[in-house]
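Novice: Have a look at the structure that comes next, please.
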4 protein chains.
Amino acid sequence: MAASERLIDAAEVAKHNTTESCWAILYGQVWDVTDFLPEHPGGANIVLKLAGKDATEEYDPVHPPGTLEENLDPSKCLGPIDPKSLPEPVQAAKNIGLEADDSRPVPLANLLNLDEIEAAATKKLSKKGWAYYYSASDDLQSKHLNNTVYRSILLRPRVFVDCKECDQSTTFLGHKLDTPIYVSPAAMARLAHPDGEWGIAQACKNYGAMQIISNNASMTPEQIVQDAGPNQVFGWQLYVQTERKKSEDYLARINKLDAIKFICLTLDAPVPGKREDDERSKNITEDTDEAIKDAGGQKLKGGGGIGQSLFFGTDPSLTWKETLPWLKKQTNKPIILKGLQTHEDAYIAAQHAPQVQGIILSNHGGRALDTAPPSIHTLLEIRKYCPEVFSKIDVIIDGGIKRGTDIVKALCLGAKAVGIGRGALFGLGAGGIEGVERTLEILRDETATCMRLLGAKTVPELGLHFINTRAADRDIYDGPANLPGIAGAVQGLVARAKL
Amino acid sequence: MAASERLIDAAEVAKHNTTESCWAILYGQVWDVTDFLPEHPGGANIVLKLAGKDATEEYDPVHPPGTLEENLDPSKCLGPIDPKSLPEPVQAAKNIGLEADDSRPVPLANLLNLDEIEAAATKKLSKKGWAYYYSASDDLQSKHLNNTVYRSILLRPRVFVDCKECDQSTTFLGHKLDTPIYVSPAAMARLAHPDGEWGIAQACKNYGAMQIISNNASMTPEQIVQDAGPNQVFGWQLYVQTERKKSEDYLARINKLDAIKFICLTLDAPVPGKREDDERSKNITEDTDEAIKDAGGQKLKGGGGIGQSLFFGTDPSLTWKETLPWLKKQTNKPIILKGLQTHEDAYIAAQHAPQVQGIILSNHGGRALDTAPPSIHTLLEIRKYCPEVFSKIDVIIDGGIKRGTDIVKALCLGAKAVGIGRGALFGLGAGGIEGVERTLEILRDETATCMRLLGAKTVPELGLHFINTRAADRDIYDGPANLPGIAGAVQGLVARAKL
Amino acid sequence: MAASERLIDAAEVAKHNTTESCWAILYGQVWDVTDFLPEHPGGANIVLKLAGKDATEEYDPVHPPGTLEENLDPSKCLGPIDPKSLPEPVQAAKNIGLEADDSRPVPLANLLNLDEIEAAATKKLSKKGWAYYYSASDDLQSKHLNNTVYRSILLRPRVFVDCKECDQSTTFLGHKLDTPIYVSPAAMARLAHPDGEWGIAQACKNYGAMQIISNNASMTPEQIVQDAGPNQVFGWQLYVQTERKKSEDYLARINKLDAIKFICLTLDAPVPGKREDDERSKNITEDTDEAIKDAGGQKLKGGGGIGQSLFFGTDPSLTWKETLPWLKKQTNKPIILKGLQTHEDAYIAAQHAPQVQGIILSNHGGRALDTAPPSIHTLLEIRKYCPEVFSKIDVIIDGGIKRGTDIVKALCLGAKAVGIGRGALFGLGAGGIEGVERTLEILRDETATCMRLLGAKTVPELGLHFINTRAADRDIYDGPANLPGIAGAVQGLVARAKL
Amino acid sequence: MAASERLIDAAEVAKHNTTESCWAILYGQVWDVTDFLPEHPGGANIVLKLAGKDATEEYDPVHPPGTLEENLDPSKCLGPIDPKSLPEPVQAAKNIGLEADDSRPVPLANLLNLDEIEAAATKKLSKKGWAYYYSASDDLQSKHLNNTVYRSILLRPRVFVDCKECDQSTTFLGHKLDTPIYVSPAAMARLAHPDGEWGIAQACKNYGAMQIISNNASMTPEQIVQDAGPNQVFGWQLYVQTERKKSEDYLARINKLDAIKFICLTLDAPVPGKREDDERSKNITEDTDEAIKDAGGQKLKGGGGIGQSLFFGTDPSLTWKETLPWLKKQTNKPIILKGLQTHEDAYIAAQHAPQVQGIILSNHGGRALDTAPPSIHTLLEIRKYCPEVFSKIDVIIDGGIKRGTDIVKALCLGAKAVGIGRGALFGLGAGGIEGVERTLEILRDETATCMRLLGAKTVPELGLHFINTRAADRDIYDGPANLPGIAGAVQGLVARAKL
C-alpha cells in the first residue's frame, strides 16, 4: 500500500465519522471508506457505526482477507494509526443476554412478527380490552386450529425463476388492492387505542389494504372513512337487527358513503359464542359477590362479557329466502356473506350470484362455535368438491393469519385476499396507526419474500402446485353433501362428495 | 341539546342510582338514562353500576359517537356537571391480575365450565373422596381418550338457518327429557356432599335431566326418589351379586318405586379395574408400615381403595343366555345394558330387543379396562357396521363429556342422551344441589348455543352432516366382526366389517 | 333395636379390637361387628382398623342407611355409648398431601406399577448400575416407541362372558408356564442387588415364569439354576465368540444343566449400540482430564461404558448358513433366535424349523440400533405378511412391557409369552427377590384383570378381535419383502407384501 | 491356589501399577493381572485404573465367580494381602450426580453427540455468531422438520449378516469419499473460531469428507484449500451477482484451484429468508433507540442481521435458460445445483445432464422459506415419481442431520452423500479443527454402527428395504406435477404423479 508512514492520531480519525468523510482503523491502518459506503453489502449504517474508530474486531471475522484491497483504491489506505493515541481497550461484554432489559418498551421497528406485536399490545392494553380481543369460544380449539392448520401446509419452492419483480396486488369485487390483506370487521377498536377504527383506516390507506368496518365499531362509519384515499376500499359489516328498522336506517346512512364499496352480511354468529376469558374479565373487574342481574331483575349466571353485550338485538332468524331479498332492497352496493364454514353453503352462495358477489370463509376468529373448522378446511372442501365456486364469486378468508406464508397458502388455494382481525387490533394497541402499519408492513414483506422464494411473480400465478396440503386434506369432511331445498340441481356435487 | 346551563352538583347526581331514576355523567354532561335501562345491549346492570357517577371512561371506548343522541331524547341531557363538585380522580388500577385472589371461593355462578367446577370441588373434597372420583384405571389412557376424542370431531355450522327457537328435548324409552343429559350411576355421592344422590335428584328435577341410581349409592333408592317430580325419570343400576338372592330382594324393592322407569344392568366391570389413585389414597391415609391383611390374615398387596371394596360380591359370570331371562323374571320394568364397547355387542343386544330396550355405550369412565376404546368409538363402529341398531333400541352414551359441543356430537351420531358421571359428583362437591344445577345449567346452555350456531332447531334434526369425524374414523376398529354363536344370522354384518 | 339402655364406656369398647371380638361405635350405638368381618366387602382389615373406636365419620359417607340392619342381627347392637367417656375429637387433617413424605422408603407392597418400582430402584442403585440398565441407544427413540406403541393399541372388551375362571398359563417349546411372562437375558444383575440372577430365578420359580440367563450374567449358570423348581424353565443366551472354542466350552458346560431347556442365540447386537447414558456415567465416575486409552495405548474417544466392554470378543460375522449347523453340533437342546426385527427374518427362521424352534422379536430394549422398530411392529408385520410363521415356530417378544394390558395385546397378536428385562432388574434393585416377585405379581394380576375384563378365559382364546391395532398398522412397513437367497420359494410372501 | 501364604504388604502392591507389571487385590488375594491386560473385555485402561489397589468392590458385581481362575494361571495368584497394611476404607460417594460440575469445560472426547457439541459451542460463541448460525426463518418450522422427519423413519435391521467388514466410502461426481459426509457451504466460519474454513478443511482431510466452500466464506478459497490432501475433494459455492462481472472474475480465480472439483450454484435463496434470531441479535447489540437507516438515509425496519447483509448484490433473476449456459462458459469444472425442493425441479435438472452433474436437495437449513419441505421429502418425492433421476445425476442432501442413522436413511433412499452445515460450524466453535474432527468422528462411527446393525457392508448395499418411511410417505406431495415448458416430454411423470 502506498500510504505514507506518518502515524495518524486517533483523535484525527475520530473526526471522520460522517457520510461525507468516513474513516476507520483496520488492522492498524487507517482507511478512508467513504466511497465504499453506498455499496457496502450490509448497508452504510453498519459502517457508520464504526466510523472514526478501530473496527478491526467487528470487521475481521466476517470478511475474507483481501476484501478491502478488492473494493478500495490503494490510495484510500491513509497510513498506520499511532497506537499510543488509541484509548485503552475496554473488555467487551461478549455475550449480551438477548433477553436483557425486558421492561423498556421495544421500538415498533424492532417488533419482528405478529406474536411480538401481540405481546407488546398485551402489556399496554387494559385487562378488559385484552380479554375481549384475545378471547375465543370454550376451549379455544378453533382459535388454535386456525393457526396450526397453516403450519401443517408445506410450501414447494421452485428454482431458476426470475423473481426480481414481485407484484402482490390482488382484486376484490373488481377493486384493486396493493396487498392481498384486509382488516376483518373487528369491534371496539378504541379499547385498544384512541385512534380506533379511523387509525386502522389510515394504516390501510398507506399499505393499500382493504378494511371491513364492524357493525359494532367504536367510531361512526363517517368518522372512519373521512380521510379515505381515492382508491381506498372499505366494506361495511351488517348484523341484521330484530328491530329491522334500525338496520334499514343504518344501511341508508351507509349508502351515502362512497368509500364503502360493499355490504358484508355476517352469518357466523347468529348467537354469541361462549368466550370465557371475556366473561371472566367481567367477573373480576366487577363485584363478584352479588349476582349479576338483567334489566328485569333476573339473575344472570356467568359473566357475559363484552361479547355477549354486543349481540343484544341481533336477529337469529335470517334465511336465504327472506333476508337476501330484503337486503337487496335496502342498498345498491354489492353484497358479500361472511362466516361460511361448509362447502355446501359456499356452493349455495355461488348459486345466488350475482345477488351475492363474494363470501368470507371464517369461523369468527374461533369466537363463535368451538371446534368449528378452521376456514382453510372450508377452502379445501370447496377446492375439492365444488371448485366452480371460485369462478362465480370472490372468496376471501380470515382466521389464524400470523405470517406472510399463511397468506400465500390461502391465495394458492384460491382466496382473493386474506383477513386479519386480532392482528390489526393488537397493532393498534401496540402503537396506534404506526402499530397497524408495522403489522401490515411485516405481513406485506413476508408475503413478498414468500412469493419470491416460491418463484411466483404475481398473485394469479399462485396455485395448487406451490403447496402440499396432504396433512390438512386427510382431516377435511368427506361425508355426504347436505343441500336441503336444492337437491335436484346439484347431483354433481352430491356425487363428488364421497360417502 | 336543550339542557339548561345550570351546573349540576355531583352530589345530586349520586342520588339517582336506581332503576327508578338513573343518571350518569358522560363527557361533562349529566344524562338521565333511566329509559335506556331496559334496552341497553349489555343489560341494565352494567349501567346501574355506573349510575350516579362519571361513566365517561367506561363508556367512551365501546360506544361510537352519537350513540346517546340516537337512543335518548334530547331532553334527557340534563345539563353540565359542576366540575368542582367531582371527587379527585383516583388513578385506576388498570390491569387487575386475572389470577388475583386465588384463596377466596369463587361464587358458583362465576364457574364457567366443568373444569372450573372440578377445580372448585377438588379444593373442598377430602383426599379420599377426590381420589375415588378422579381415579381411573392404570395410566388413565381411556379416561384421557374419552375427552380428547370429542375434541378431534369438528362441527359444521350452517348459515342462514332460523334458530330463534331451539328445543333440546329428547326421549329415552319413550320418556321425555327436557335436556339430553343424564347422570350416570356413580357411587358414593355422599363422599362429595351430604346432599348425596338425593341432591343430584333435586337438580335433575329442575333441569329435566335423567338420573340412573348407582347400585352402590350412599343413600337408599327410596330416599333418592322421595321428592321426584311428576315427570322425572330415574333408572336403577344393577350389579348382579353372586349371592343371587340379594339381587332378587333388591329388585323386588325397586319394583315398588314408580319413579324408577328402568333397570340398568351393568356389564362393563365384572371385576374391578386398577385405580391407582384410589388405591394410593388408601395407602396414605392408612398406616403404611404394616402390611394390609384380609379377614383370613392373608397379606394383601396393593392398596385396594374404595373401588375394590365396592366390587365385593359382584358376580363375574353373567351371560346372554342365563342372566337376561333371570332378570326378566325379577322385574317388569324395561331393561337396558350398560357398558357395551364393541359394535358386535351392540348388534347382539339389538337382537335381544324387546327383552333389551336400550344400551349404554360406556367404558366406565375409564375406570374398568385401561386402553378400552372411548365410547364415541363404539358409536362410530355401530354407525359404520350396523346402523340398524339405532332403529331397534335406544342408544345412550357416557364418558368424557365436558362441553355442550360434546353432547351435540354424540347426538349427531345417533345417541338419544349423553351421561355425565364425575361432572355431577364434582358439581355436588362444589356446592351441593346448586353445584349440580350449575353443572347442568352450563351444559344445557352450551348445548343450546351449539345447536343454534350449527343451525339445528331440534335434536332429531341433528345428524351426520353436522360433524366431521374423519380424525376419529381412522382409528376405529376395522377387523372382522366377532359374533360367537350367532354367526349364521349376521353374514351382512360380517361382510360389512372389512378384514 | 333391642339393646339395653345402659351406657357403654368407651374404654370397654376399646378392648374389643381383634378378629375374636370386634366392636365399633356407629351413630352413638355400640355394635358387635365380629360376625361381619369375613363378609365385609372392603375386607376385614378396614373394619379392624376402626375396631374399638367411633367409626361413624369413616362409615357414614360410604354406606347407605340400613346397611347395618340388613347385615347384622339386632342383638349385635349392644347399646348406646357413654358420650362422656369418648375422647375429645381431634380435628382430623382432612387433606393429607398425597406426596407428603417422599424420603421414607415405600413398602414394596405399596408400589403399584412398574414405573413406581423403577423409581424405587433408581433411588437405591449406584449411578453406574442405573446408567447401565436405563440407557438405550442414541436418542432413546426405540426405547420410547417400545412402550408407546402398546398404548396406541386399543382393547375391545366383550360383555356377558363368564370370566369367573381365568387361566393365564401358556406354553413355550412345549413347556408349561403359569404366567405368560419371561425374564429377558439381561446382563449384570448383581449391579442391582447381591441376589443377582439367582434371585431372579427364585422369584420366577414362585410365579411360574420363565428366565433366559444372560451370557454376561454376573453369576455362573450353575449358581443361577441351583435351586430350580421341578418344572422351572430356563434358557441360556449365547453370544458367539470370535474365539469359537470359548463358546464351545461354555455350551458343553450348559449341556450338563438339565434346568436349562434351550439355547437362545442372540442376533440383534452383533456390535454394541451407542448407549450414551452408560458412556456418560463412565466419563463422570472416572478422571475426565486424561484421555482414556486402550491396552495398546491408543486414545479412546467417547466413554465406552459397561455396554461396550461386554461386547469384547463377540463375533459379528454370524450367518444362517454357517452358524446354525455349527451350533447344532454343540448341543442337543432346542435352539431359538433372539433379536428378529423384520417379517422377512421371521419367515426365514420358520423355514429353518425344526433346527430353529422359536424366535424372540426384540430390538434389544432399544439398546442396539436406535429407530429400530418396536417389536410389536415386527409382530404385526408377521401377522400381516406371513402368519404361517406362528404355526411353525414359537414366537415370543420383549421390549417396553409396563402393564398387563401390554402383555395381553402381544398375546392377542400371536406371541406365546412376553419378556421383561429392565422390569426384572429394577425389581431386583428395589428389593432383591421380593422386588422381582412384586414385579411379577403386578404383571400377573394386571394380566388376569385384563383377560377378565376382555372376556377371555384362557390364553388361546385371545385373538385379533380383542384388539384394535389401526394406529400401529398404519406405521408398519409396507415395502417389498427382501429375501436374498430364497426368492424362488416365497413368491407368496413377496406378492402379499404390497409394493 | 498355589500361592505362598506369606502376607503381602499393600505398599508393595501399590508399586505394580503399570502395563509392565500390574497387580490388583481381589477378595483378599493379590493377583498379577499383567497378562490379562491385552485381552480384558473392557480394555486395559479400566484395569490400570485399579492397578496396585484393592479392586474387589469394582470387580465383583460385573464378573461371575471363576472369571479370574478361567483367565489366569494359578501362579498369578501371589498370595493374601496383609489386611493391616490396607488404608482405612473411605466411604465412597456412591451416587455422583451426573450433572455435577457444569461450569468446567467438558473435554471434546467426552462430547457424545452433535447436540452436546452444539451446547459446548453455544457457551463459547459470541451472541452474534451464535444467532447467525442458530437462526432459521420465521418460526423455525422447516428447521424443526428437517430433523424430526428423520426420527419418523424407522430402520429394519437384518440378522445373520456378516458385518465384520464395513465400508462406508462413497463417490460423488466420480471422486471417492472415505465417509458419506460433506460440509455444506456455510458462511462466516471465523465467527466461530479463528481456524475458520481452513480449519474445517483440515478436519475433512483427516476424515476423507468433502467440503463445499461458501461464496461468503470468511477466508479466501486459496487459503482454505492451501493444505489440501492429494485426494481431498472441494466444491465451491456460487451466488451469482447482479454485477455479473464480479462472478466471472471470481470463477476465473476458482478455475485455477485444482483442489476445487466442482461449482455448486446455489438456488434456494434468491432472496434472503427472515431469520429473526439473527435480526434480533443485531437489534440488541446495536443502539435500539435510533432507527437504522440505509446508505441513502432511508429508515430500515427490522433488524437485518448478518444474513441480510450477505445477500447484498445477489441476482434474483436466474433461469434455466440463461444462467446455465452463461455459467458453462465461465468454467470447465462440473456444475451442480443446490437447493432443489421439488421432484419437478430434480426432474428438470436431470434433463440438463451432463450440463448439470449433480444436485443438492436442501431447504437451506430452514433458513430460506419457512414451512418449505424437509429435503428428505424431496428425496421421497423423487423416489416415488421420477427415480430415473438417480441414474442420471448424483443426488446429495443436507438439513437436519444429527446422527449416523440419519445419514444411513438418506443413503438408503438414494443420496450419494449427506451434508452438515451447523454441525461443522458448532464443531469449529467447540474446539477449532479438533472440534470439527470430533463432529466427523461421531458421525462416521455412528454411521458404521448403524450399517453393521442393519447388516449392510457397503453403501451401495443400502436400499429401500432397510427403511420404513410410511409415516413420512403420507405427508409428501401428491398433487399434479408442474413442469412448465417441458410438458410434452414428460407425460410419464405427469401420469405417475397422482392427481
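Lettering and numbering for the C-alpha cells are positional, with chains as A, B, ... in the shown order, residues counted from 1 in each chain, and ligands counted from 1 in the shown order.
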Should the cut-off be 7 Å, what would the residue list for chain D against chain C look like, counting only C-alpha atoms, as a PyMOL selection string?
Specialist: chain D and resi 37-38+41-45+61-65+94-96+98+109-110+112+151+154-164+450+453+465+468+470-471
Novice: Would you output that residue set with N, CA and C atoms, as an mmCIF file, in the first residue's frame?
Specialist:
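Output saved as result17.cif:
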data_model
loop_
_atom_site.group_PDB
_atom_site.id
_atom_site.type_symbol
_atom_site.label_atom_id
_atom_site.label_comp_id
_atom_site.auth_asym_id
_atom_site.auth_seq_id
_atom_site.Cartn_x
_atom_site.Cartn_y
_atom_site.Cartn_z
ATOM 1 N N LEU D 37 -4.110 -57.891 30.785
ATOM 2 C CA LEU D 37 -4.351 -56.540 30.264
ATOM 3 C C LEU D 37 -4.767 -56.521 28.786
ATOM 4 N N PRO D 38 -4.026 -57.160 27.891
ATOM 5 C CA PRO D 38 -4.380 -57.013 26.473
ATOM 6 C C PRO D 38 -5.723 -57.632 26.112
ATOM 7 N N PRO D 41 -11.899 -57.578 28.391
ATOM 8 C CA PRO D 41 -13.003 -57.128 27.524
ATOM 9 C C PRO D 41 -13.242 -55.613 27.611
ATOM 10 N N GLY D 42 -13.051 -55.052 28.748
ATOM 11 C CA GLY D 42 -13.316 -53.618 28.905
ATOM 12 C C GLY D 42 -12.135 -52.747 28.557
ATOM 13 N N GLY D 43 -11.081 -53.336 28.020
ATOM 14 C CA GLY D 43 -9.887 -52.564 27.695
ATOM 15 C C GLY D 43 -8.931 -52.549 28.873
ATOM 16 N N ALA D 44 -7.668 -52.295 28.553
ATOM 17 C CA ALA D 44 -6.633 -52.333 29.588
ATOM 18 C C ALA D 44 -6.788 -51.194 30.586
ATOM 19 N N ASN D 45 -7.259 -50.093 30.092
ATOM 20 C CA ASN D 45 -7.263 -48.885 30.915
ATOM 21 C C ASN D 45 -8.081 -49.040 32.193
ATOM 22 N N PRO D 61 -19.334 -56.998 41.227
ATOM 23 C CA PRO D 61 -20.691 -57.115 40.667
ATOM 24 C C PRO D 61 -20.734 -57.342 39.169
ATOM 25 N N VAL D 62 -19.635 -57.187 38.441
ATOM 26 C CA VAL D 62 -19.706 -57.359 36.995
ATOM 27 C C VAL D 62 -18.981 -58.604 36.483
ATOM 28 N N HIS D 63 -18.484 -59.437 37.383
ATOM 29 C CA HIS D 63 -17.829 -60.664 36.934
ATOM 30 C C HIS D 63 -18.428 -61.853 37.666
ATOM 31 N N PRO D 64 -18.800 -62.877 36.935
ATOM 32 C CA PRO D 64 -19.258 -64.080 37.621
ATOM 33 C C PRO D 64 -18.073 -64.757 38.314
ATOM 34 N N PRO D 65 -18.351 -65.522 39.371
ATOM 35 C CA PRO D 65 -17.279 -66.258 40.041
ATOM 36 C C PRO D 65 -16.551 -67.148 39.034
ATOM 37 N N LYS D 94 -21.357 -42.842 46.580
ATOM 38 C CA LYS D 94 -21.896 -43.815 45.627
ATOM 39 C C LYS D 94 -22.620 -43.157 44.453
ATOM 40 N N ASN D 95 -23.396 -42.173 44.788
ATOM 41 C CA ASN D 95 -24.196 -41.566 43.726
ATOM 42 C C ASN D 95 -23.657 -40.197 43.337
ATOM 43 N N ILE D 96 -22.686 -40.213 42.486
ATOM 44 C CA ILE D 96 -22.173 -38.954 41.979
ATOM 45 C C ILE D 96 -23.192 -38.377 41.022
ATOM 46 N N LEU D 98 -24.850 -36.923 38.032
ATOM 47 C CA LEU D 98 -24.399 -36.904 36.648
ATOM 48 C C LEU D 98 -24.221 -35.482 36.137
ATOM 49 N N ALA D 109 -13.446 -35.143 23.751
ATOM 50 C CA ALA D 109 -13.650 -36.584 23.618
ATOM 51 C C ALA D 109 -14.875 -37.047 24.387
ATOM 52 N N ASN D 110 -15.287 -36.284 25.365
ATOM 53 C CA ASN D 110 -16.449 -36.669 26.153
ATOM 54 C C ASN D 110 -17.766 -36.152 25.583
ATOM 55 N N LEU D 112 -20.596 -36.534 23.330
ATOM 56 C CA LEU D 112 -21.016 -37.801 22.742
ATOM 57 C C LEU D 112 -21.852 -37.665 21.482
ATOM 58 N N ARG D 151 -36.374 -38.804 12.391
ATOM 59 C CA ARG D 151 -36.790 -39.647 13.521
ATOM 60 C C ARG D 151 -38.000 -40.499 13.179
ATOM 61 N N LEU D 154 -38.175 -45.373 10.288
ATOM 62 C CA LEU D 154 -37.664 -46.488 11.100
ATOM 63 C C LEU D 154 -36.705 -47.354 10.286
ATOM 64 N N LEU D 155 -35.763 -47.933 10.983
ATOM 65 C CA LEU D 155 -34.780 -48.804 10.340
ATOM 66 C C LEU D 155 -35.224 -50.261 10.439
ATOM 67 N N ARG D 156 -34.711 -51.092 9.570
ATOM 68 C CA ARG D 156 -35.100 -52.510 9.546
ATOM 69 C C ARG D 156 -33.854 -53.389 9.606
ATOM 70 N N PRO D 157 -33.343 -53.628 10.796
ATOM 71 C CA PRO D 157 -32.099 -54.398 10.911
ATOM 72 C C PRO D 157 -32.329 -55.856 10.552
ATOM 73 N N ARG D 158 -31.393 -56.432 9.815
ATOM 74 C CA ARG D 158 -31.455 -57.853 9.443
ATOM 75 C C ARG D 158 -30.460 -58.640 10.286
ATOM 76 N N VAL D 159 -30.782 -59.899 10.519
ATOM 77 C CA VAL D 159 -29.906 -60.707 11.356
ATOM 78 C C VAL D 159 -29.093 -61.666 10.485
ATOM 79 N N PHE D 160 -28.116 -62.295 11.109
ATOM 80 C CA PHE D 160 -27.288 -63.302 10.443
ATOM 81 C C PHE D 160 -26.614 -62.743 9.202
ATOM 82 N N VAL D 161 -26.149 -61.500 9.296
ATOM 83 C CA VAL D 161 -25.366 -60.943 8.195
ATOM 84 C C VAL D 161 -23.955 -60.687 8.726
ATOM 85 N N ASP D 162 -22.975 -61.181 8.038
ATOM 86 C CA ASP D 162 -21.577 -60.973 8.436
ATOM 87 C C ASP D 162 -21.226 -59.507 8.237
ATOM 88 N N CYS D 163 -21.051 -58.772 9.337
ATOM 89 C CA CYS D 163 -20.721 -57.355 9.191
ATOM 90 C C CYS D 163 -19.384 -57.040 9.848
ATOM 91 N N LYS D 164 -18.461 -58.006 9.747
ATOM 92 C CA LYS D 164 -17.118 -57.784 10.275
ATOM 93 C C LYS D 164 -16.489 -56.604 9.537
ATOM 94 N N CYS D 450 -24.455 -48.132 12.610
ATOM 95 C CA CYS D 450 -25.772 -48.315 12.002
ATOM 96 C C CYS D 450 -25.707 -49.313 10.858
ATOM 97 N N LEU D 453 -25.303 -52.828 12.261
ATOM 98 C CA LEU D 453 -26.502 -53.359 12.912
ATOM 99 C C LEU D 453 -27.620 -53.627 11.901
ATOM 100 N N HIS D 465 -35.278 -51.425 1.301
ATOM 101 C CA HIS D 465 -35.769 -52.466 2.198
ATOM 102 C C HIS D 465 -35.206 -52.319 3.613
ATOM 103 N N ASN D 468 -38.265 -48.011 6.813
ATOM 104 C CA ASN D 468 -39.728 -47.937 6.798
ATOM 105 C C ASN D 468 -40.097 -46.453 6.842
ATOM 106 N N ARG D 470 -43.059 -45.092 6.100
ATOM 107 C CA ARG D 470 -44.507 -44.878 5.957
ATOM 108 C C ARG D 470 -45.018 -43.588 6.569
ATOM 109 N N ALA D 471 -44.516 -43.250 7.744
ATOM 110 C CA ALA D 471 -45.010 -42.020 8.394
ATOM 111 C C ALA D 471 -44.683 -40.809 7.537
#
Novice: Report as a PyMOL selection string: the residues of stretch 145-377 of chain D with a DSSP assignment of strand (DSSP E or B), based on the backbone of this structure.
Specialist: chain D and resi 154-155+167+170-172+175-177+181-183+210-213+234-238+241+260-266+275+292-293+299-300+314+335-340+358-361
Novice: Write out as a PyMOL selection string each polymer residue whose atoms come within 7 Å of C:Thr56, counting only C-alpha atoms; drop sequence neighbours fewer than 5 positions from it.
Specialist: chain C and resi 25-27
Novice: Applying 10 Å and only C-alpha atoms, which residues near C:Val233 remain after dropping the ones on its own chain fewer than 3 positions away? List them as a PyMOL selection string.
Specialist: chain C and resi 172+175-177+182+201+204-205+208-212+225+228-230+258-262
Novice: For the residues in the current selection, export N, CA and C atoms as a compact mmCIF listing (two decimals), in the first residue's frame.
Specialist:
# COMPACT_ATOMS: atom_id res chain seq x y z
N PHE C 172 -44.22 -72.81 26.11
CA PHE C 172 -43.13 -72.40 25.22
C PHE C 172 -42.26 -73.61 24.95
N HIS C 175 -43.10 -76.51 27.04
CA HIS C 175 -43.07 -76.40 28.50
C HIS C 175 -44.19 -75.49 28.98
N LYS C 176 -44.82 -75.88 30.07
CA LYS C 176 -45.91 -75.06 30.59
C LYS C 176 -45.36 -73.94 31.48
N LEU C 177 -45.88 -72.73 31.28
CA LEU C 177 -45.55 -71.59 32.15
C LEU C 177 -46.84 -71.14 32.82
N TYR C 182 -41.69 -63.91 30.75
CA TYR C 182 -40.33 -64.42 30.95
C TYR C 182 -39.41 -63.25 31.22
N ALA C 201 -34.15 -65.96 39.61
CA ALA C 201 -34.62 -67.34 39.46
C ALA C 201 -35.58 -67.74 40.58
N CYS C 204 -38.95 -66.16 39.84
CA CYS C 204 -39.60 -66.81 38.70
C CYS C 204 -40.19 -68.16 39.14
N LYS C 205 -39.45 -68.86 39.99
CA LYS C 205 -39.96 -70.15 40.48
C LYS C 205 -41.31 -69.95 41.17
N GLY C 208 -43.97 -69.11 38.45
CA GLY C 208 -44.11 -69.91 37.24
C GLY C 208 -43.72 -69.19 35.98
N ALA C 209 -42.77 -68.25 36.10
CA ALA C 209 -42.30 -67.51 34.94
C ALA C 209 -41.00 -68.12 34.41
N MET C 210 -40.71 -67.88 33.16
CA MET C 210 -39.51 -68.42 32.53
C MET C 210 -38.38 -67.40 32.64
N GLN C 211 -37.12 -67.90 32.66
CA GLN C 211 -35.98 -66.99 32.73
C GLN C 211 -34.95 -67.39 31.69
N ILE C 212 -34.46 -66.41 30.93
CA ILE C 212 -33.37 -66.69 30.00
C ILE C 212 -32.12 -66.04 30.58
N VAL C 225 -29.11 -71.70 38.50
CA VAL C 225 -30.16 -72.73 38.42
C VAL C 225 -30.13 -73.68 39.62
N ALA C 228 -33.44 -74.51 41.33
CA ALA C 228 -34.58 -74.52 40.40
C ALA C 228 -35.68 -75.45 40.89
N GLY C 229 -36.92 -75.07 40.66
CA GLY C 229 -38.06 -75.94 40.94
C GLY C 229 -38.16 -77.03 39.90
N PRO C 230 -38.96 -78.05 40.18
CA PRO C 230 -39.02 -79.20 39.26
C PRO C 230 -39.51 -78.83 37.86
N ASP C 258 -29.66 -79.59 33.40
CA ASP C 258 -30.98 -80.01 32.93
C ASP C 258 -32.02 -78.89 33.00
N ALA C 259 -31.85 -78.00 33.98
CA ALA C 259 -32.85 -76.94 34.14
C ALA C 259 -32.89 -76.01 32.92
N ILE C 260 -31.78 -75.99 32.20
CA ILE C 260 -31.74 -75.13 31.01
C ILE C 260 -32.32 -75.91 29.84
N LYS C 261 -33.45 -75.40 29.33
CA LYS C 261 -34.24 -76.16 28.37
C LYS C 261 -33.93 -75.81 26.92
N PHE C 262 -33.28 -74.67 26.71
CA PHE C 262 -32.99 -74.29 25.32
C PHE C 262 -31.84 -73.27 25.27
Novice: Give me, as a PyMOL selection string, all polymer residues having an atom no more than 6 Å from A:Val33, counting only C-alpha atoms and skipping those fewer than 2 positions away in the same chain.
Specialist: chain A and resi 22-23+31+35-36
Novice: Can I get the selection written as an mmCIF file, in the first residue's frame, with C-alpha atoms?
Specialist:
data_model
loop_
_atom_site.group_PDB
_atom_site.id
_atom_site.type_symbol
_atom_site.label_atom_id
_atom_site.label_comp_id
_atom_site.auth_asym_id
_atom_site.auth_seq_id
_atom_site.Cartn_x
_atom_site.Cartn_y
_atom_site.Cartn_z
ATOM 1 C CA CYS A 22 -15.763 8.242 6.789
ATOM 2 C CA TRP A 23 -12.540 6.767 8.152
ATOM 3 C CA TRP A 31 -8.685 3.624 5.700
ATOM 4 C CA ASP A 35 -16.546 5.566 -1.298
ATOM 5 C CA PHE A 36 -17.446 2.167 -0.010
#
Novice: Hey, what's within 8 Å of A:Ala186 if we count only C-alpha atoms and toss same-chain stuff fewer than 4 positions away? As a VMD selection string, please?
Specialist: chain A and resid 213 to 214 216 to 217 421 to 422 425
Novice: Record the distance separating atom CA of A:Leu411 and atom CA of A:Glu434, expressed in Å with one decimal.
Specialist: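 Atom CA of A:Leu411 sits 26.5 Å away from atom CA of A:Glu434.
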Novice: Write out as a PyMOL selection string all residues of stretch 22-183 of chain C that backbone DSSP assigns to alpha helix (DSSP H).
Specialist: chain C and resi 44-48+56-59+67-71+114-124+127-134+141-151
